[in-house]
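First comes the structure, then the notes that go with it.
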Amino acid sequence: MDHTTCPVCGSSLKLQYRLRFNVYKCAGCGLLHSDAQFEHSFESDLESTSRDIGLKQLRLGNFMTIISKLKAIKSGKIEGLEIGCGNGWWLETCRDNDIKCTGIEPEHIYENYHKENKLNVIYGFYPDVSPKKIGGYDFIIFNDVFEHIPDINALVESLKKDLADDGILIINIPMSTGFFYRVSTLLHKFGMNNSLTRMWQFNFHSPHMNYFNESNMKMLLEKHGCSCVDVFKLKSLDLQSTKERMLADRSMSKWKAAVMTSVLKMLKPVIDSSEADIKAFFFKKNK
Ligand SMILES: [Zn+2]
């Protein structure tokens, strides 16, 4: 794969920093792009170990925000596709809200959970295994998945074929302009790389390939004949659940968790006033 030109705007990429993989920045649109590789040799345990109540509440809250926006645009019976459905929480939320949705997932680690909860999941990679729907899907959604895809231009072309003419492409994605990314960049400047490595998920088998901001995300889709019809902020940090998560972690002492919680409380005004860490975009194909 070419790591010298920006996959969004075609400008040249400049080396920004070296972590386990190199990260480049586009001189034109500011896209952050990595030369990371998928590791097919092992399976992820990223979320299977963190399937805790706090995280689930946070994510379900975000999913409900997306669903209410979706229902406001599309009334009646709708049918969607989720690419990279992971643990299946989005599919469960859809079912609870009377929305039909099929998931596509390359990994089998959540298969038992999918079966127990009778979720409709097809295993493999999009678009190879994607079931075709006559007339196209009413929506296709990515929840923390779009940033992992190597060839985003080919992906968008496939999505356009699978979307109904008035279908909505939903991209729920972490932002390079968010508070946590900025703090990680700052720590990196002081020689502390762990946080930035974690942001890029370079220690996991499926690292991030790109980090977008709002304008280059829109630019990519506009290039392929789509328009942004809505963009909104999602929650990335819930103090109550952060505390519960820390208390649930037996390796962390009670006082340490208490200190961390107060630090987060102090930072809350800063977090609230900065750009969102996670945004959801709604795109439609141009007529
Ligand atoms: Zn660019």
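Convention: chains lettered A, B, ... in structure tokens order; per-chain residue numbering from 1; ligands numbered from 1 as shown.
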Inset, instruction - Tell me which protein, DNA and RNA residues are within 10 Å of Cys228 in chain A, counting only C-alpha atoms, leaving out same-chain ones fewer than 2 positions away, and put them as a ChimeraX atom specification. - result: /A:168-170,217-219,221-222,226,230-231,281-286
Legend entry - Protein and nucleic acid residues within 10 Å of ligand 1 (only C-alpha atoms and all ligand atoms) as an MDAnalysis selection string: chainID A and resid 5:13 25:33 212 216 219:220
Can you write out the residues you just picked, keeping C-alpha atoms, as a PDB file, in the first residue's frame?
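And here is the file that came out, again.pdb:
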```pdb
ATOM      1  CA  THR A   5       0.032  10.215  -0.820  1.00  0.00           C
ATOM      2  CA  CYS A   6      -3.057  11.024   1.201  1.00  0.00           C
ATOM      3  CA  PRO A   7      -5.978   8.631   0.540  1.00  0.00           C
ATOM      4  CA  VAL A   8      -8.409  11.538   1.063  1.00  0.00           C
ATOM      5  CA  CYS A   9      -7.031  14.514  -0.896  1.00  0.00           C
ATOM      6  CA  GLY A  10      -3.961  13.159  -2.746  1.00  0.00           C
ATOM      7  CA  SER A  11      -1.472  15.609  -1.163  1.00  0.00           C
ATOM      8  CA  SER A  12       1.840  14.294   0.056  1.00  0.00           C
ATOM      9  CA  LEU A  13       2.152  12.674   3.475  1.00  0.00           C
ATOM     10  CA  LYS A  25       0.291  13.665   8.397  1.00  0.00           C
ATOM     11  CA  CYS A  26      -1.241  15.020   5.218  1.00  0.00           C
ATOM     12  CA  ALA A  27       0.000  18.494   4.346  1.00  0.00           C
ATOM     13  CA  GLY A  28      -3.297  19.212   2.584  1.00  0.00           C
ATOM     14  CA  CYS A  29      -6.177  17.978   4.741  1.00  0.00           C
ATOM     15  CA  GLY A  30      -4.493  17.011   8.027  1.00  0.00           C
ATOM     16  CA  LEU A  31      -5.392  13.313   7.843  1.00  0.00           C
ATOM     17  CA  LEU A  32      -3.220  11.176  10.115  1.00  0.00           C
ATOM     18  CA  HIS A  33      -2.302   7.942   8.387  1.00  0.00           C
ATOM     19  CA  PHE A 212      -9.789  11.762  10.837  1.00  0.00           C
ATOM     20  CA  ASN A 216     -11.326  15.484   6.109  1.00  0.00           C
ATOM     21  CA  MET A 219     -13.969  15.559   2.243  1.00  0.00           C
ATOM     22  CA  LEU A 220     -13.512  11.808   1.714  1.00  0.00           C
TER      23      LEU A 220
END
```
Legend entry - Backbone DSSP call of strand (DSSP E or B) for range 10-212 of chain A, listed as a ChimeraX atom specification: /A:12-18,22-26,32-34,79-83,100-105,121-123,137-143,163-175,210-212
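Close contacts of range 70-81 of chain A, defined as residues with an atom at most 6 Å away when counting only C-alpha atoms, with chain neighbours fewer than 4 positions off set aside, comprise Lys100, Cys101, Thr102, Gly103, Tyr137, Asp138, Phe139 and Ile140 of chain A.
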Inset, instruction - For Asn62 in chain A, please output as a PyMOL selection string all residues within 9 Å (counting only C-alpha atoms; exclusion window: fewer than 6 positions along the same chain). - result: chain A and resi 234-236
Inset, instruction - For range 129-131 of chain A, list every protein, DNA or RNA residue within 12 Å, evaluated using only C-alpha atoms, and leave out those in the same chain fewer than 2 positions away; present the list as a ChimeraX atom specification. - result: /A:80-84,101-106,120-127,133-134,136-137,140,158-159,161-163
Write the residues of the selection above to a file with C-alpha atoms, as a PDB file, in the first residue's frame.
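result.pdb was written with the following content:
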```pdb
ATOM      1  CA  GLY A  80     -29.566  -1.954   8.067  1.00  0.00           C
ATOM      2  CA  LEU A  81     -26.148  -3.487   8.004  1.00  0.00           C
ATOM      3  CA  GLU A  82     -23.422  -3.080  10.608  1.00  0.00           C
ATOM      4  CA  ILE A  83     -19.869  -3.629   9.415  1.00  0.00           C
ATOM      5  CA  GLY A  84     -17.627  -4.998  12.172  1.00  0.00           C
ATOM      6  CA  CYS A 101     -29.971  -5.079  11.356  1.00  0.00           C
ATOM      7  CA  THR A 102     -27.489  -7.699  10.179  1.00  0.00           C
ATOM      8  CA  GLY A 103     -23.897  -7.688  11.420  1.00  0.00           C
ATOM      9  CA  ILE A 104     -20.727  -8.606   9.555  1.00  0.00           C
ATOM     10  CA  GLU A 105     -17.784  -9.615  11.707  1.00  0.00           C
ATOM     11  CA  PRO A 106     -14.426 -11.135  10.744  1.00  0.00           C
ATOM     12  CA  ASN A 120     -28.003 -12.087  13.038  1.00  0.00           C
ATOM     13  CA  VAL A 121     -24.257 -12.139  12.252  1.00  0.00           C
ATOM     14  CA  ILE A 122     -22.346 -13.217   9.156  1.00  0.00           C
ATOM     15  CA  TYR A 123     -18.652 -14.034   9.666  1.00  0.00           C
ATOM     16  CA  GLY A 124     -16.100 -12.711   7.186  1.00  0.00           C
ATOM     17  CA  PHE A 125     -14.954  -9.493   5.564  1.00  0.00           C
ATOM     18  CA  TYR A 126     -17.067  -6.815   3.926  1.00  0.00           C
ATOM     19  CA  PRO A 127     -17.905  -6.704   1.032  1.00  0.00           C
ATOM     20  CA  LYS A 133     -30.472  -6.474  -0.383  1.00  0.00           C
ATOM     21  CA  ILE A 134     -32.712  -5.597  -3.325  1.00  0.00           C
ATOM     22  CA  GLY A 136     -30.179  -1.445  -0.985  1.00  0.00           C
ATOM     23  CA  TYR A 137     -29.993  -0.963   2.785  1.00  0.00           C
ATOM     24  CA  ILE A 140     -25.052   1.000   6.913  1.00  0.00           C
ATOM     25  CA  SER A 158     -18.759  -0.689  -2.196  1.00  0.00           C
ATOM     26  CA  LEU A 159     -20.905   1.086   0.377  1.00  0.00           C
ATOM     27  CA  LYS A 161     -23.577   0.078  -4.159  1.00  0.00           C
ATOM     28  CA  ASP A 162     -25.079  -1.481  -1.029  1.00  0.00           C
ATOM     29  CA  LEU A 163     -26.936   1.617   0.180  1.00  0.00           C
TER      30      LEU A 163
END
```
Legend entry - Nearest residue to Phe179 in chain A from the set A:Asp277, A:Glu92, A:Asp98, A:Asp151 (distances using only C-alpha atoms):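 Using only C-alpha atoms, Phe179 in chain A sits closest to A:Asp277.
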Inset, instruction - Can you check which residues of range 93-154 of chain A DSSP gives as helix (DSSP H, G or I) on the backbone and send them as a list of chain:residue names? - result: A:Thr93, A:Cys94, A:Arg95, A:Asp96, A:Glu111, A:Asn112, A:Tyr113, A:His114, A:Lys115, A:Glu116, A:Phe146, A:Glu147, A:His148, A:Ile152, A:Asn153, A:Ala154
I need the chosen residues saved as a PDB file, in the first residue's frame, with N, CA, C and O atoms.
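So the final result, stored in again_7.pdb, reads:
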```
ATOM      1  N   THR A  93     -29.259  -3.282  20.451  1.00  0.00           N
ATOM      2  CA  THR A  93     -29.971  -2.005  20.593  1.00  0.00           C
ATOM      3  C   THR A  93     -30.994  -1.835  19.472  1.00  0.00           C
ATOM      4  O   THR A  93     -32.109  -1.367  19.703  1.00  0.00           O
ATOM      5  N   CYS A  94     -30.612  -2.249  18.250  1.00  0.00           N
ATOM      6  CA  CYS A  94     -31.545  -2.171  17.125  1.00  0.00           C
ATOM      7  C   CYS A  94     -32.767  -3.039  17.384  1.00  0.00           C
ATOM      8  O   CYS A  94     -33.900  -2.601  17.213  1.00  0.00           O
ATOM      9  N   ARG A  95     -32.511  -4.277  17.813  1.00  0.00           N
ATOM     10  CA  ARG A  95     -33.631  -5.193  18.056  1.00  0.00           C
ATOM     11  C   ARG A  95     -34.579  -4.618  19.111  1.00  0.00           C
ATOM     12  O   ARG A  95     -35.798  -4.659  18.955  1.00  0.00           O
ATOM     13  N   ASP A  96     -34.015  -4.062  20.177  1.00  0.00           N
ATOM     14  CA  ASP A  96     -34.845  -3.469  21.239  1.00  0.00           C
ATOM     15  C   ASP A  96     -35.658  -2.289  20.727  1.00  0.00           C
ATOM     16  O   ASP A  96     -36.632  -1.886  21.348  1.00  0.00           O
ATOM     17  N   GLU A 111     -18.825 -15.189  18.914  1.00  0.00           N
ATOM     18  CA  GLU A 111     -19.838 -16.030  18.274  1.00  0.00           C
ATOM     19  C   GLU A 111     -20.834 -16.625  19.267  1.00  0.00           C
ATOM     20  O   GLU A 111     -22.042 -16.627  19.014  1.00  0.00           O
ATOM     21  N   ASN A 112     -20.335 -17.100  20.411  1.00  0.00           N
ATOM     22  CA  ASN A 112     -21.244 -17.692  21.402  1.00  0.00           C
ATOM     23  C   ASN A 112     -22.240 -16.660  21.915  1.00  0.00           C
ATOM     24  O   ASN A 112     -23.425 -16.955  22.066  1.00  0.00           O
ATOM     25  N   TYR A 113     -21.738 -15.464  22.175  1.00  0.00           N
ATOM     26  CA  TYR A 113     -22.601 -14.375  22.656  1.00  0.00           C
ATOM     27  C   TYR A 113     -23.661 -14.033  21.597  1.00  0.00           C
ATOM     28  O   TYR A 113     -24.827 -13.856  21.914  1.00  0.00           O
ATOM     29  N   HIS A 114     -23.241 -13.989  20.336  1.00  0.00           N
ATOM     30  CA  HIS A 114     -24.189 -13.712  19.240  1.00  0.00           C
ATOM     31  C   HIS A 114     -25.272 -14.784  19.206  1.00  0.00           C
ATOM     32  O   HIS A 114     -26.446 -14.478  19.060  1.00  0.00           O
ATOM     33  N   LYS A 115     -24.849 -16.056  19.343  1.00  0.00           N
ATOM     34  CA  LYS A 115     -25.806 -17.175  19.263  1.00  0.00           C
ATOM     35  C   LYS A 115     -26.766 -17.157  20.442  1.00  0.00           C
ATOM     36  O   LYS A 115     -27.970 -17.287  20.278  1.00  0.00           O
ATOM     37  N   GLU A 116     -26.197 -16.956  21.647  1.00  0.00           N
ATOM     38  CA  GLU A 116     -27.038 -16.929  22.854  1.00  0.00           C
ATOM     39  C   GLU A 116     -28.093 -15.841  22.755  1.00  0.00           C
ATOM     40  O   GLU A 116     -29.205 -15.995  23.244  1.00  0.00           O
ATOM     41  N   PHE A 146     -14.461   2.112  11.064  1.00  0.00           N
ATOM     42  CA  PHE A 146     -14.013   2.772   9.829  1.00  0.00           C
ATOM     43  C   PHE A 146     -12.521   3.119   9.864  1.00  0.00           C
ATOM     44  O   PHE A 146     -11.821   3.021   8.861  1.00  0.00           O
ATOM     45  N   GLU A 147     -12.033   3.505  11.051  1.00  0.00           N
ATOM     46  CA  GLU A 147     -10.629   3.910  11.202  1.00  0.00           C
ATOM     47  C   GLU A 147      -9.648   2.739  11.059  1.00  0.00           C
ATOM     48  O   GLU A 147      -8.448   2.936  10.978  1.00  0.00           O
ATOM     49  N   HIS A 148     -10.186   1.502  11.045  1.00  0.00           N
ATOM     50  CA  HIS A 148      -9.325   0.316  10.921  1.00  0.00           C
ATOM     51  C   HIS A 148      -9.180  -0.173   9.475  1.00  0.00           C
ATOM     52  O   HIS A 148      -8.406  -1.085   9.213  1.00  0.00           O
ATOM     53  N   ILE A 152      -9.806   2.823   2.134  1.00  0.00           N
ATOM     54  CA  ILE A 152     -11.066   3.531   2.386  1.00  0.00           C
ATOM     55  C   ILE A 152     -11.777   3.959   1.103  1.00  0.00           C
ATOM     56  O   ILE A 152     -12.997   4.046   1.077  1.00  0.00           O
ATOM     57  N   ASN A 153     -11.030   4.185   0.019  1.00  0.00           N
ATOM     58  CA  ASN A 153     -11.691   4.604  -1.224  1.00  0.00           C
ATOM     59  C   ASN A 153     -12.485   3.459  -1.858  1.00  0.00           C
ATOM     60  O   ASN A 153     -13.628   3.650  -2.278  1.00  0.00           O
ATOM     61  N   ALA A 154     -11.884   2.266  -1.876  1.00  0.00           N
ATOM     62  CA  ALA A 154     -12.601   1.099  -2.399  1.00  0.00           C
ATOM     63  C   ALA A 154     -13.802   0.789  -1.502  1.00  0.00           C
ATOM     64  O   ALA A 154     -14.878   0.426  -1.985  1.00  0.00           O
TER      65      ALA A 154
END
```
